[in-house]
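> So that you have it, the file is query_16.csv, and it contains CSV, C-alpha atoms:
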chain,number,residue,atom,x,y,z
A,1,MET,CA,-48.9,-1.2,16.6
A,2,THR,CA,-48.7,2.5,17.3
A,3,ALA,CA,-49.6,3.6,20.8
A,4,SER,CA,-53.2,5.0,21.1
A,5,VAL,CA,-52.4,6.7,24.4
A,6,LEU,CA,-49.6,7.5,26.8
A,7,VAL,CA,-50.2,6.8,30.5
A,8,ILE,CA,-47.7,8.6,32.9
A,9,PHE,CA,-47.3,7.4,36.4
A,10,PRO,CA,-45.5,10.4,37.8
A,11,ASP,CA,-42.9,11.1,40.5
A,12,GLY,CA,-44.7,14.0,42.2
A,13,ASP,CA,-45.9,17.1,40.5
A,14,TRP,CA,-44.7,18.4,37.1
A,15,GLN,CA,-42.3,20.9,38.6
A,16,GLN,CA,-40.6,18.1,40.5
A,17,PHE,CA,-39.7,16.2,37.3
A,18,SER,CA,-36.2,16.4,36.1
A,19,PRO,CA,-36.0,19.1,33.3
A,20,LEU,CA,-34.6,16.5,31.0
A,21,TYR,CA,-37.6,14.3,31.6
A,22,GLN,CA,-40.0,17.3,31.2
A,23,GLN,CA,-38.4,18.0,27.8
A,24,LEU,CA,-38.6,14.3,26.9
A,25,LEU,CA,-42.3,14.0,27.7
A,26,LEU,CA,-43.4,17.4,26.2
A,27,GLY,CA,-42.2,16.3,22.8
A,28,HIS,CA,-44.7,13.4,22.8
A,29,THR,CA,-47.6,14.4,25.1
A,30,SER,CA,-48.7,17.0,22.5
A,31,GLN,CA,-48.8,14.3,19.8
A,32,HIS,CA,-50.6,11.5,21.7
A,33,ARG,CA,-53.6,11.5,24.0
A,34,THR,CA,-51.8,11.5,27.4
A,35,TYR,CA,-53.1,10.6,30.8
A,36,ILE,CA,-51.3,11.5,34.0
A,37,VAL,CA,-52.3,9.3,37.0
A,38,THR,CA,-53.0,11.5,39.9
A,39,ASP,CA,-55.8,12.3,42.4
A,40,ARG,CA,-54.6,15.9,42.7
A,41,THR,CA,-56.0,18.9,40.9
A,42,ALA,CA,-52.8,20.4,39.5
A,43,ALA,CA,-52.4,23.4,37.2
A,44,ASP,CA,-48.8,22.9,36.4
A,45,TYR,CA,-49.1,19.8,34.2
A,46,PRO,CA,-49.2,20.2,30.4
A,47,ALA,CA,-52.5,21.7,29.4
A,48,HIS,CA,-53.2,19.0,26.9
A,49,ALA,CA,-52.7,16.1,29.4
A,50,VAL,CA,-55.7,14.5,31.1
A,51,LEU,CA,-55.4,14.0,34.8
A,52,ILE,CA,-56.9,10.7,35.7
A,53,PRO,CA,-57.5,9.4,39.3
A,54,LEU,CA,-56.7,5.9,40.4
A,55,HIS,CA,-60.3,4.7,40.4
A,56,GLN,CA,-60.8,5.5,36.7
A,57,LEU,CA,-57.8,3.6,35.3
A,58,HIS,CA,-60.1,0.9,34.0
A,59,THR,CA,-61.4,3.4,31.3
A,60,ILE,CA,-58.0,3.5,29.5
A,61,PRO,CA,-57.4,1.3,26.4
A,62,TRP,CA,-54.5,-0.6,27.9
A,63,LYS,CA,-53.9,-3.0,25.1
A,64,THR,CA,-52.5,-0.1,23.0
A,65,ALA,CA,-51.2,2.0,25.8
A,66,ILE,CA,-47.6,3.0,26.4
A,67,THR,CA,-47.1,3.2,30.2
A,68,ILE,CA,-44.3,5.6,31.4
A,69,VAL,CA,-43.4,4.8,35.0
A,70,MET,CA,-41.4,7.5,36.9
A,71,ASN,CA,-41.3,6.0,40.4
A,72,PRO,CA,-40.7,2.4,41.3
A,73,TYR,CA,-43.5,2.3,43.9
A,74,TRP,CA,-46.0,2.5,41.0
A,75,LEU,CA,-44.8,-1.0,40.0
A,76,HIS,CA,-47.8,-3.2,40.9
A,77,THR,CA,-50.4,-0.5,40.0
A,78,ALA,CA,-48.9,0.1,36.5
A,79,LEU,CA,-48.1,-3.5,35.6
A,80,ALA,CA,-51.4,-4.9,36.8
A,81,TRP,CA,-53.1,-3.5,33.6
A,82,SER,CA,-50.7,-5.3,31.2
A,83,PRO,CA,-50.1,-2.3,29.0
A,84,HIS,CA,-48.7,-2.7,25.4
A,85,ARG,CA,-45.3,-1.3,26.4
A,86,ILE,CA,-43.6,-0.2,29.6
A,87,ILE,CA,-41.1,2.7,29.7
A,88,VAL,CA,-39.2,3.3,32.9
A,89,LEU,CA,-37.9,6.8,33.5
A,90,ASP,CA,-35.6,6.2,36.5
A,91,HIS,CA,-34.6,9.1,38.6
A,92,PHE,CA,-32.0,7.4,40.8
A,93,PRO,CA,-31.9,8.9,44.3
A,94,LEU,CA,-28.6,10.3,45.7
A,95,GLU,CA,-29.6,9.4,49.2
A,96,ALA,CA,-30.0,5.9,50.7
A,97,GLU,CA,-33.3,4.2,49.7
A,98,SER,CA,-35.5,1.7,51.4
A,99,ALA,CA,-35.1,-2.0,50.7
A,100,LEU,CA,-38.7,-2.0,49.3
A,101,LEU,CA,-37.9,0.8,46.9
A,102,SER,CA,-34.8,-1.1,45.7
A,103,LYS,CA,-36.9,-4.2,45.2
A,104,CYS,CA,-39.6,-2.3,43.2
A,105,ARG,CA,-36.9,-0.7,41.1
A,106,LYS,CA,-35.3,-4.0,40.2
A,107,LEU,CA,-38.6,-5.6,39.3
A,108,LEU,CA,-39.8,-2.6,37.4
A,109,CYS,CA,-36.7,-2.4,35.2
A,110,ALA,CA,-36.8,-6.1,34.6
A,111,ALA,CA,-40.3,-5.7,33.3
A,112,GLY,CA,-39.7,-2.6,31.2
A,113,HIS,CA,-39.4,-2.6,27.4
A,114,LEU,CA,-37.1,0.5,27.8
A,115,VAL,CA,-35.2,1.8,30.8
A,116,ILE,CA,-33.8,5.4,30.8
A,117,THR,CA,-31.8,6.5,33.9
A,118,ASN,CA,-29.9,9.6,34.9
A,119,ASN,CA,-27.3,7.7,36.9
A,120,GLU,CA,-24.3,6.2,35.2
A,121,LEU,CA,-23.6,3.6,37.9
A,122,TYR,CA,-27.1,2.3,37.7
A,123,TYR,CA,-27.0,2.5,33.9
A,124,LEU,CA,-24.0,0.2,34.0
A,125,GLU,CA,-25.6,-2.2,36.5
A,126,GLN,CA,-28.7,-2.5,34.3
A,127,SER,CA,-26.6,-2.9,31.1
A,128,PHE,CA,-25.0,-6.0,32.7
A,129,GLN,CA,-28.5,-7.4,33.2
A,130,ARG,CA,-30.6,-6.5,30.1
A,131,GLU,CA,-30.7,-4.7,26.8
A,132,ASP,CA,-32.6,-1.5,25.9
A,133,VAL,CA,-31.0,0.6,28.7
A,134,PHE,CA,-30.0,4.2,28.0
A,135,LEU,CA,-28.3,7.0,29.9
A,136,LEU,CA,-29.9,10.5,30.0
A,137,ASP,CA,-28.0,12.7,32.4
A,138,GLY,CA,-27.5,16.0,30.6
A,139,SER,CA,-23.7,15.6,30.5
A,140,ASP,CA,-23.5,15.4,26.7
A,141,GLU,CA,-26.0,16.4,24.0
A,142,VAL,CA,-25.0,13.6,21.6
A,143,SER,CA,-25.3,10.9,24.3
A,144,ASP,CA,-28.6,12.3,25.4
A,145,LEU,CA,-29.8,12.2,21.8
A,146,PHE,CA,-29.5,8.4,21.7
A,147,ALA,CA,-31.8,8.2,24.8
A,148,ARG,CA,-34.3,10.6,23.4
A,149,GLN,CA,-34.4,8.7,20.1
A,150,ALA,CA,-34.8,5.4,21.9
A,151,PHE,CA,-37.8,6.9,23.7
A,152,SER,CA,-39.4,8.0,20.4
A,153,TRP,CA,-38.8,4.7,18.7
A,154,THR,CA,-40.3,2.7,21.6
A,155,ILE,CA,-43.4,4.9,21.6
A,156,GLY,CA,-43.6,4.4,17.8
A,157,ASP,CA,-43.4,0.6,18.5
A,158,TYR,CA,-39.9,0.2,17.0
A,159,MET,CA,-37.1,-1.6,18.8
A,160,ALA,CA,-34.5,0.8,20.2
A,161,ARG,CA,-31.8,-1.9,20.6
A,162,PRO,CA,-29.7,-0.8,17.6
A,163,LEU,CA,-29.1,2.5,19.5
A,164,VAL,CA,-27.7,0.8,22.6
A,165,ARG,CA,-24.2,0.1,21.2
A,166,LEU,CA,-24.0,3.4,19.5
A,167,GLN,CA,-24.5,5.2,22.8
A,168,GLN,CA,-22.0,2.9,24.6
A,169,ARG,CA,-19.4,3.5,21.9
A,170,PHE,CA,-19.9,7.2,22.1
A,171,ILE,CA,-19.5,7.3,25.8
A,172,ALA,CA,-16.4,5.1,25.6
A,173,GLU,CA,-14.9,7.6,23.1
A,174,ARG,CA,-15.8,10.4,25.4
A,175,TYR,CA,-13.9,8.8,28.2
A,176,ALA,CA,-10.9,8.2,25.9
A,177,LYS,CA,-10.8,11.9,24.9
A,178,SER,CA,-11.1,13.1,28.5
A,179,ILE,CA,-8.3,10.8,29.6
A,180,GLN,CA,-6.1,11.8,26.8
A,181,SER,CA,-6.7,15.5,27.4
A,182,LYS,CA,-5.7,15.1,31.1
A,183,LEU,CA,-2.6,13.2,30.1
A,184,GLU,CA,-1.6,15.9,27.7
A,185,ASN,CA,-2.3,18.8,30.0
A,186,SER,CA,-0.1,18.8,33.1
A,187,ALA,CA,-2.2,21.6,34.6
A,188,SER,CA,-5.4,19.5,34.6
A,189,ALA,CA,-6.5,17.1,37.4
A,190,PRO,CA,-4.7,13.8,37.2
A,191,VAL,CA,-6.3,10.7,35.7
A,192,LYS,CA,-7.9,8.5,38.3
A,193,ALA,CA,-8.1,4.7,38.3
A,194,SER,CA,-11.9,4.9,38.3
A,195,GLU,CA,-11.9,6.8,35.0
A,196,LEU,CA,-9.7,4.2,33.3
A,197,PHE,CA,-11.9,1.5,34.7
A,198,PHE,CA,-15.2,3.0,33.5
A,199,HIS,CA,-13.5,3.5,30.1
A,200,ALA,CA,-12.7,-0.3,30.1
A,201,VAL,CA,-16.3,-1.2,31.1
A,202,PHE,CA,-17.8,0.9,28.3
A,203,ARG,CA,-15.3,-0.7,25.8
A,204,TYR,CA,-16.4,-4.1,27.1
A,205,LEU,CA,-20.1,-3.3,26.6
A,206,ALA,CA,-19.3,-2.0,23.1
A,207,ASP,CA,-17.7,-5.3,22.2
A,208,ASP,CA,-14.1,-3.9,22.1
A,209,PRO,CA,-12.3,-6.4,24.4
A,210,SER,CA,-8.8,-5.6,23.3
A,211,LYS,CA,-9.1,-1.9,24.2
A,212,SER,CA,-11.0,-2.9,27.3
A,213,GLU,CA,-8.2,-5.1,28.5
A,214,GLU,CA,-5.6,-2.4,27.9
A,215,GLU,CA,-7.6,0.2,29.9
A,216,LEU,CA,-8.4,-2.3,32.7
A,217,LEU,CA,-4.8,-3.2,33.3
A,218,GLN,CA,-3.8,0.5,33.4
A,219,ALA,CA,-6.7,1.1,35.9
A,220,PHE,CA,-5.4,-1.8,38.1
A,221,GLN,CA,-1.9,-0.5,38.1
A,222,LEU,CA,-3.0,3.1,38.9
A,223,ALA,CA,-5.4,1.7,41.7
A,224,ILE,CA,-2.4,0.1,43.4
A,225,LEU,CA,-0.4,3.4,43.2
A,226,GLU,CA,-3.5,5.1,44.7
A,227,GLY,CA,-3.3,2.8,47.6
A,228,ASN,CA,-6.5,0.8,46.9
A,229,LYS,CA,-6.2,-2.3,49.1
A,230,ASP,CA,-9.1,-4.0,47.2
A,231,ALA,CA,-7.6,-3.4,43.7
A,232,LEU,CA,-7.5,-7.1,43.0
A,233,THR,CA,-11.3,-7.6,43.4
A,234,ASP,CA,-12.3,-4.0,42.4
A,235,TYR,CA,-10.3,-3.9,39.2
A,236,TYR,CA,-8.2,-6.9,38.2
A,237,ARG,CA,-11.0,-9.4,38.6
A,238,PHE,CA,-12.9,-7.8,35.7
A,239,LEU,CA,-10.0,-9.0,33.4
A,240,SER,CA,-11.6,-12.4,33.6
A,241,ALA,CA,-14.8,-11.2,32.0
A,242,ILE,CA,-12.9,-9.4,29.3
A,243,GLN,CA,-10.9,-12.6,28.5
A,244,LEU,CA,-14.1,-14.5,28.3
A,245,LYS,CA,-15.2,-12.2,25.5
A,246,HIS,CA,-11.8,-12.8,23.9
A,247,GLY,CA,-12.8,-16.5,23.9
A,248,ASP,CA,-10.0,-17.6,26.3
A,249,THR,CA,-11.9,-19.4,29.1
A,250,TRP,CA,-8.8,-21.0,30.6
A,251,SER,CA,-7.0,-17.6,31.0
A,252,ALA,CA,-10.2,-16.1,32.3
A,253,ILE,CA,-10.5,-18.6,35.1
A,254,GLN,CA,-6.8,-18.2,36.0
A,255,SER,CA,-7.2,-14.4,36.2
A,256,TYR,CA,-10.2,-14.8,38.5
A,257,SER,CA,-8.2,-17.2,40.7
A,258,TYR,CA,-5.5,-14.5,41.1
A,259,SER,CA,-8.2,-12.2,42.5
A,260,ALA,CA,-9.7,-14.9,44.8
A,261,VAL,CA,-8.9,-13.5,48.2
A,262,SER,CA,-11.5,-15.4,50.2
A,263,ASP,CA,-12.1,-19.1,50.7
A,264,GLU,CA,-15.4,-18.8,48.9
A,265,ASP,CA,-13.7,-17.1,45.9
A,266,ARG,CA,-11.1,-19.9,45.8
A,267,GLN,CA,-13.7,-22.6,45.9
A,268,LYS,CA,-15.5,-20.9,42.9
A,269,ALA,CA,-12.2,-20.9,41.0
A,270,TYR,CA,-11.6,-24.6,41.7
A,271,LEU,CA,-15.2,-25.4,40.6
A,272,MET,CA,-14.8,-23.6,37.3
A,273,ASP,CA,-11.5,-25.2,36.7
A,274,ASP,CA,-13.0,-28.7,37.3
A,275,TRP,CA,-15.9,-27.9,35.0
A,276,LEU,CA,-13.5,-26.8,32.3
A,277,GLN,CA,-11.5,-30.1,32.6
A,278,GLU,CA,-14.7,-32.1,32.5
A,279,GLY,CA,-15.8,-30.5,29.2
A,280,LYS,CA,-18.4,-28.3,30.8
A,281,GLU,CA,-17.0,-25.0,29.5
A,282,THR,CA,-20.4,-23.3,29.1
A,283,LEU,CA,-21.1,-23.8,32.9
A,284,ALA,CA,-17.7,-22.4,33.8
A,285,LYS,CA,-18.2,-19.4,31.5
A,286,ALA,CA,-21.7,-18.7,32.8
A,287,LEU,CA,-20.6,-18.8,36.4
A,288,LEU,CA,-17.6,-16.5,35.7
A,289,TYR,CA,-19.7,-14.0,33.9
A,290,ARG,CA,-22.1,-14.0,36.9
A,291,LEU,CA,-19.2,-13.5,39.3
A,292,ASN,CA,-18.4,-10.4,37.3
A,293,ASP,CA,-22.0,-9.3,37.6
A,294,ASP,CA,-22.6,-9.8,33.9
A,295,TYR,CA,-25.9,-11.6,34.2
A,296,ARG,CA,-26.9,-10.8,30.6
A,297,GLN,CA,-24.1,-12.9,29.2
A,298,ALA,CA,-24.6,-15.6,31.8
A,299,VAL,CA,-28.3,-15.9,31.0
A,300,HIS,CA,-27.6,-16.1,27.3
A,301,LEU,CA,-25.3,-19.0,27.8
A,302,LEU,CA,-27.5,-20.9,30.3
A,303,GLU,CA,-30.9,-20.7,28.7
A,304,PRO,CA,-30.1,-23.3,25.9
A,305,GLN,CA,-28.8,-25.8,28.5
A,306,ALA,CA,-31.4,-25.4,31.2
A,307,SER,CA,-33.7,-28.1,30.0
A,308,SER,CA,-31.0,-30.8,29.9
A,309,GLU,CA,-28.5,-29.8,32.5
A,310,PRO,CA,-29.7,-29.5,36.2
A,311,VAL,CA,-26.7,-27.3,37.2
A,312,ALA,CA,-27.4,-24.9,34.3
A,313,ARG,CA,-31.0,-24.7,35.3
A,314,ASN,CA,-30.1,-23.9,38.9
A,315,LEU,CA,-27.6,-21.2,37.9
A,316,LEU,CA,-30.2,-19.8,35.5
A,317,ILE,CA,-32.9,-19.6,38.2
A,318,GLU,CA,-30.5,-17.9,40.5
A,319,ALA,CA,-29.6,-15.4,37.8
A,320,TYR,CA,-33.3,-14.7,36.9
A,321,ILE,CA,-34.0,-14.0,40.6
A,322,GLN,CA,-31.1,-11.7,40.9
A,323,ILE,CA,-32.1,-9.5,38.0
A,324,GLY,CA,-35.8,-9.5,38.8
A,325,ARG,CA,-37.2,-11.8,36.1
A,326,LEU,CA,-39.4,-13.7,38.5
A,327,GLY,CA,-41.8,-15.0,35.9
A,328,ALA,CA,-38.9,-16.7,34.1
A,329,ALA,CA,-37.5,-18.1,37.3
A,330,MET,CA,-40.9,-19.6,38.3
A,331,GLU,CA,-41.4,-21.1,34.8
A,332,HIS,CA,-38.2,-23.2,35.3
A,333,MET,CA,-39.1,-24.1,38.9
A,334,GLU,CA,-42.5,-25.3,37.7
A,335,LYS,CA,-40.8,-27.8,35.4
A,336,LEU,CA,-39.1,-29.6,38.3
A,337,SER,CA,-40.6,-33.0,38.7
A,338,VAL,CA,-39.9,-33.0,42.5
A,339,ARG,CA,-39.2,-29.9,44.6
A,340,SER,CA,-37.7,-30.1,48.1
A,341,ILE,CA,-39.4,-28.3,50.9
A,342,GLU,CA,-37.0,-25.4,50.7
A,343,GLU,CA,-37.5,-25.2,46.9
A,344,GLN,CA,-41.2,-25.2,47.3
A,345,GLN,CA,-41.1,-22.4,49.9
A,346,GLN,CA,-38.8,-20.4,47.6
A,347,TYR,CA,-41.3,-20.9,44.8
A,348,GLU,CA,-44.2,-19.7,47.0
A,349,LEU,CA,-42.2,-16.7,48.0
A,350,LEU,CA,-41.4,-15.8,44.4
A,351,HIS,CA,-45.0,-16.6,43.4
A,352,GLY,CA,-46.3,-14.2,46.0
A,353,THR,CA,-44.0,-11.4,45.0
A,354,TYR,CA,-44.8,-12.0,41.3
A,355,LEU,CA,-48.5,-11.9,41.9
A,356,MET,CA,-48.4,-8.7,44.1
A,357,MET,CA,-45.6,-6.7,42.5
A,358,LEU,CA,-46.2,-7.6,38.8
A,359,GLN,CA,-49.9,-8.4,38.6
A,360,GLY,CA,-51.4,-6.5,41.5
A,361,ARG,CA,-53.2,-9.6,42.8
A,362,ARG,CA,-53.0,-8.7,46.5
A,363,HIS,CA,-55.0,-11.5,48.1
A,364,ASP,CA,-53.4,-14.3,46.0
A,365,ALA,CA,-50.0,-12.9,46.9
A,366,ILE,CA,-50.7,-12.9,50.6
A,367,HIS,CA,-51.9,-16.6,50.3
A,368,ALA,CA,-48.6,-17.6,48.6
A,369,TRP,CA,-46.5,-15.7,51.1
A,370,LEU,CA,-48.3,-17.4,54.0
A,371,ALA,CA,-47.6,-20.8,52.4
A,372,ALA,CA,-43.9,-19.8,52.3
A,373,ALA,CA,-43.7,-18.4,55.8
A,374,GLU,CA,-43.2,-21.6,57.8
A,375,SER,CA,-39.4,-21.3,57.6
A,376,ARG,CA,-38.7,-18.3,55.3
A,377,VAL,CA,-39.1,-15.2,57.5
A,378,GLU,CA,-38.7,-12.9,54.5
A,379,ALA,CA,-42.2,-14.0,53.4
A,380,ILE,CA,-43.7,-12.4,56.5
A,381,GLY,CA,-41.6,-9.3,55.7
A,382,SER,CA,-43.2,-9.2,52.3
A,383,ILE,CA,-46.7,-9.1,53.8
A,384,LEU,CA,-45.6,-6.3,56.2
A,385,GLU,CA,-44.3,-4.3,53.2
A,386,LEU,CA,-47.8,-4.0,51.8
A,387,SER,CA,-48.6,-1.2,54.2
A,388,GLU,CA,-45.5,0.7,53.2
A,389,LEU,CA,-46.3,0.1,49.5
A,390,ASP,CA,-49.9,1.3,50.0
A,391,ASN,CA,-48.8,4.5,51.8
A,392,ALA,CA,-46.3,5.2,49.0
A,393,ILE,CA,-48.9,4.9,46.3
A,394,LEU,CA,-51.3,7.2,48.2
A,395,MET,CA,-48.6,9.8,48.5
A,396,LEU,CA,-47.6,9.6,44.9
A,397,ALA,CA,-51.2,9.9,43.7
A,398,GLY,CA,-52.1,12.6,46.3
A,399,ALA,CA,-55.1,10.5,47.3
A,400,GLY,CA,-57.1,11.1,50.5
A,401,ALA,CA,-56.9,8.9,53.5
A,402,GLU,CA,-60.0,7.0,52.4
A,403,ALA,CA,-58.6,6.1,49.0
A,404,ARG,CA,-57.3,2.7,48.2
A,405,THR,CA,-54.7,1.6,45.6
A,406,GLU,CA,-55.9,0.0,42.4
A,407,ALA,CA,-54.1,-3.2,43.3
A,408,GLU,CA,-56.1,-3.4,46.5
A,409,SER,CA,-59.5,-2.6,44.9
A,410,ARG,CA,-58.9,-5.1,42.1
A,411,GLY,CA,-57.4,-7.8,44.3
A,412,GLU,CA,-58.7,-11.2,43.4
Here is a file; write its structure as structure tokens.

Amino acid sequence: MTASVLVIFPDGDWQQFSPLYQQLLLGHTSQHRTYIVTDRTAADYPAHAVLIPLHQLHTIPWKTAITIVMNPYWLHTALAWSPHRIIVLDHFPLEAESALLSKCRKLLCAAGHLVITNNELYYLEQSFQREDVFLLDGSDEVSDLFARQAFSWTIGDYMARPLVRLQQRFIAERYAKSIQSKLENSASAPVKASELFFHAVFRYLADDPSKSEEELLQAFQLAILEGNKDALTDYYRFLSAIQLKHGDTWSAIQSYSYSAVSDEDRQKAYLMDDWLQEGKETLAKALLYRLNDDYRQAVHLLEPQASSEPVARNLLIEAYIQIGRLGAAMEHMEKLSVRSIEEQQQYELLHGTYLMMLQGRRHDAIHAWLAAAESRVEAIGSILELSELDNAILMLAGAGAEARTEAESRGE
């Protein structure tokens, strides 16, 4: 199904957009009927784009619309309409951000069909949580080309997933060439442990565990020489994830145990070792992937076992919550024949967040949060966040003080 319209939820006025994102959008706004959600009267947006205020969003044919969200605060406004596809153009801030903005970003990216970000660290975090993530940072034309192509394919209703590994392999090769160049040129800046580590991570993502292990061990050795007191946890621990990809679960658990510097870490190592001896290798592998922040691999292992193995189900629910897939987490919690008081309150908290953030159902969300508030103080915090969220939307839209967000006006 080809998109009938593009609907852009912007991050400020056009001149505030990243030039890379301006270029990306201009290539398509002239080919599709394009709406930009704003209550401002702005002359700097593309002439062929239609500026549409919040109160007229109901006139858009959402079933065939591609929604492009450029600020996480738009989360509940954009998703409430259930568009055909959601593209996230993430402009990761350099300064510290609020807890609410971080929450919205996580949930938005989890809901997106395509995520494009300009920040390599956030790109890697998302790549360990989901597919269809691309880096567009202007550092390399070829790398950027993969992201631009993924954007075009998604708008054309094609899956961009085949391009993911191509970009990762290209970036890995770029790191390799940069490192080799520094090693061969004594006048250049020395190679840093972090460069070797990022090279190892990209090799890992590109399914090249042998090269990943080689680079990781070099990064660990260099980190020690650099005086990094946390080299075991910051660098060496990742060896356990690489060894899992090699298929050597026992060695992976041993490597993790060598990096276990706290009592909690050691207990996790003992638990995984016990599971392995009991024939529960999948549980051990899933937990170890999760301890390395590779939630994508952990979820892949746990989903087939969740219906028959309670521990797998609990690990899966925790993973879903961590990566922002609240709907999937609630689906598994709903299947519990009996829920403890704590589990019921957690469910109500998730339910409220899901209703408000992902469906825009404000009043139902408040009701669910109140049900969870007896002993979960964060539920009250969620209610208090509504004012911050409302103000953020009004500022993004440029609405007057009397305006209300769509989520509020459509609350059921």
> Do you know which residues are at most 12 Å from Ala150 (chain A) counting all atoms listed in the file, after dropping those on the same chain fewer than 5 positions away, and could you put them as a compact mmCIF listing (two decimals) with C-alpha atoms, keeping the file's coordinate frame?

# COMPACT_ATOMS: atom_id res chain seq x y z
CA LEU A 24 -38.60 14.30 26.90
CA ILE A 87 -41.10 2.70 29.70
CA HIS A 113 -39.40 -2.60 27.40
CA LEU A 114 -37.10 0.50 27.80
CA VAL A 115 -35.20 1.80 30.80
CA ILE A 116 -33.80 5.40 30.80
CA GLU A 131 -30.70 -4.70 26.80
CA ASP A 132 -32.60 -1.50 25.90
CA VAL A 133 -31.00 0.60 28.70
CA PHE A 134 -30.00 4.20 28.00
CA LEU A 135 -28.30 7.00 29.90
CA LEU A 136 -29.90 10.50 30.00
CA SER A 143 -25.30 10.90 24.30
CA ASP A 144 -28.60 12.30 25.40
CA LEU A 145 -29.80 12.20 21.80
CA ILE A 155 -43.40 4.90 21.60
CA GLY A 156 -43.60 4.40 17.80
CA ASP A 157 -43.40 0.60 18.50
CA TYR A 158 -39.90 0.20 17.00
CA MET A 159 -37.10 -1.60 18.80
CA ALA A 160 -34.50 0.80 20.20
CA ARG A 161 -31.80 -1.90 20.60
CA PRO A 162 -29.70 -0.80 17.60
CA LEU A 163 -29.10 2.50 19.50
CA VAL A 164 -27.70 0.80 22.60
CA ARG A 165 -24.20 0.10 21.20
CA LEU A 166 -24.00 3.40 19.50
CA GLN A 167 -24.50 5.20 22.80
> Which residues are near region 269-276 of chain A? Cut-off 10 Å, only C-alpha atoms, ignore same chain within fewer than 3 positions. Put them as a ChimeraX atom specification.
/A:249-250,253-260,263-266,279-288
> Take the residues just selected and output them with C-alpha atoms as a CSV table (one decimal), in the frame of the given file.

chain,number,residue,atom,x,y,z
A,249,THR,CA,-11.9,-19.4,29.1
A,250,TRP,CA,-8.8,-21.0,30.6
A,253,ILE,CA,-10.5,-18.6,35.1
A,254,GLN,CA,-6.8,-18.2,36.0
A,255,SER,CA,-7.2,-14.4,36.2
A,256,TYR,CA,-10.2,-14.8,38.5
A,257,SER,CA,-8.2,-17.2,40.7
A,258,TYR,CA,-5.5,-14.5,41.1
A,259,SER,CA,-8.2,-12.2,42.5
A,260,ALA,CA,-9.7,-14.9,44.8
A,263,ASP,CA,-12.1,-19.1,50.7
A,264,GLU,CA,-15.4,-18.8,48.9
A,265,ASP,CA,-13.7,-17.1,45.9
A,266,ARG,CA,-11.1,-19.9,45.8
A,279,GLY,CA,-15.8,-30.5,29.2
A,280,LYS,CA,-18.4,-28.3,30.8
A,281,GLU,CA,-17.0,-25.0,29.5
A,282,THR,CA,-20.4,-23.3,29.1
A,283,LEU,CA,-21.1,-23.8,32.9
A,284,ALA,CA,-17.7,-22.4,33.8
A,285,LYS,CA,-18.2,-19.4,31.5
A,286,ALA,CA,-21.7,-18.7,32.8
A,287,LEU,CA,-20.6,-18.8,36.4
A,288,LEU,CA,-17.6,-16.5,35.7
> Name the closest residue to Asp11 (chain A) among the candidates A:Thr38, A:Asn118, A:Thr154, A:Ser240; distances are taken between atoms, counting all atoms listed in the file.
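Closest to Asp11 (chain A), using all atoms listed in the file: A:Thr38.
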> Give me the residues within 12 Å of Arg174 (chain A) as a PDB file with C-alpha atoms, in the frame of the given file, counting all atoms listed in the file and dropping any in the same chain fewer than 2 places off.

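Saved to selection_17.pdb:
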ATOM      1  CA  SER A 139     -23.700  15.600  30.500  1.00  0.00           C
ATOM      2  CA  ASP A 140     -23.500  15.400  26.700  1.00  0.00           C
ATOM      3  CA  GLU A 141     -26.000  16.400  24.000  1.00  0.00           C
ATOM      4  CA  VAL A 142     -25.000  13.600  21.600  1.00  0.00           C
ATOM      5  CA  SER A 143     -25.300  10.900  24.300  1.00  0.00           C
ATOM      6  CA  GLN A 167     -24.500   5.200  22.800  1.00  0.00           C
ATOM      7  CA  GLN A 168     -22.000   2.900  24.600  1.00  0.00           C
ATOM      8  CA  ARG A 169     -19.400   3.500  21.900  1.00  0.00           C
ATOM      9  CA  PHE A 170     -19.900   7.200  22.100  1.00  0.00           C
ATOM     10  CA  ILE A 171     -19.500   7.300  25.800  1.00  0.00           C
ATOM     11  CA  ALA A 172     -16.400   5.100  25.600  1.00  0.00           C
ATOM     12  CA  ALA A 176     -10.900   8.200  25.900  1.00  0.00           C
ATOM     13  CA  LYS A 177     -10.800  11.900  24.900  1.00  0.00           C
ATOM     14  CA  SER A 178     -11.100  13.100  28.500  1.00  0.00           C
ATOM     15  CA  ILE A 179      -8.300  10.800  29.600  1.00  0.00           C
ATOM     16  CA  GLN A 180      -6.100  11.800  26.800  1.00  0.00           C
ATOM     17  CA  SER A 181      -6.700  15.500  27.400  1.00  0.00           C
ATOM     18  CA  GLU A 195     -11.900   6.800  35.000  1.00  0.00           C
ATOM     19  CA  LEU A 196      -9.700   4.200  33.300  1.00  0.00           C
ATOM     20  CA  PHE A 198     -15.200   3.000  33.500  1.00  0.00           C
ATOM     21  CA  HIS A 199     -13.500   3.500  30.100  1.00  0.00           C
ATOM     22  CA  PHE A 202     -17.800   0.900  28.300  1.00  0.00           C
ATOM     23  CA  ARG A 203     -15.300  -0.700  25.800  1.00  0.00           C
TER      24      ARG A 203
END
> Within 8 Å of Leu350 (chain A), counting all atoms listed in the file, which residues qualify if same-chain residues fewer than 3 places away don't, as a list in words?
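Neighbouring residues, sequence-local ones excluded: Leu326, Met330, Gln346, Tyr347, Thr353 and Tyr354 of chain A.
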> Write out the residues from the selection above, keeping C-alpha atoms, as a PDB file, keeping the file's coordinate frame.

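The result, written out as result-v6.pdb:
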ATOM      1  CA  LEU A 326     -39.400 -13.700  38.500  1.00  0.00           C
ATOM      2  CA  MET A 330     -40.900 -19.600  38.300  1.00  0.00           C
ATOM      3  CA  GLN A 346     -38.800 -20.400  47.600  1.00  0.00           C
ATOM      4  CA  TYR A 347     -41.300 -20.900  44.800  1.00  0.00           C
ATOM      5  CA  THR A 353     -44.000 -11.400  45.000  1.00  0.00           C
ATOM      6  CA  TYR A 354     -44.800 -12.000  41.300  1.00  0.00           C
TER       7      TYR A 354
END
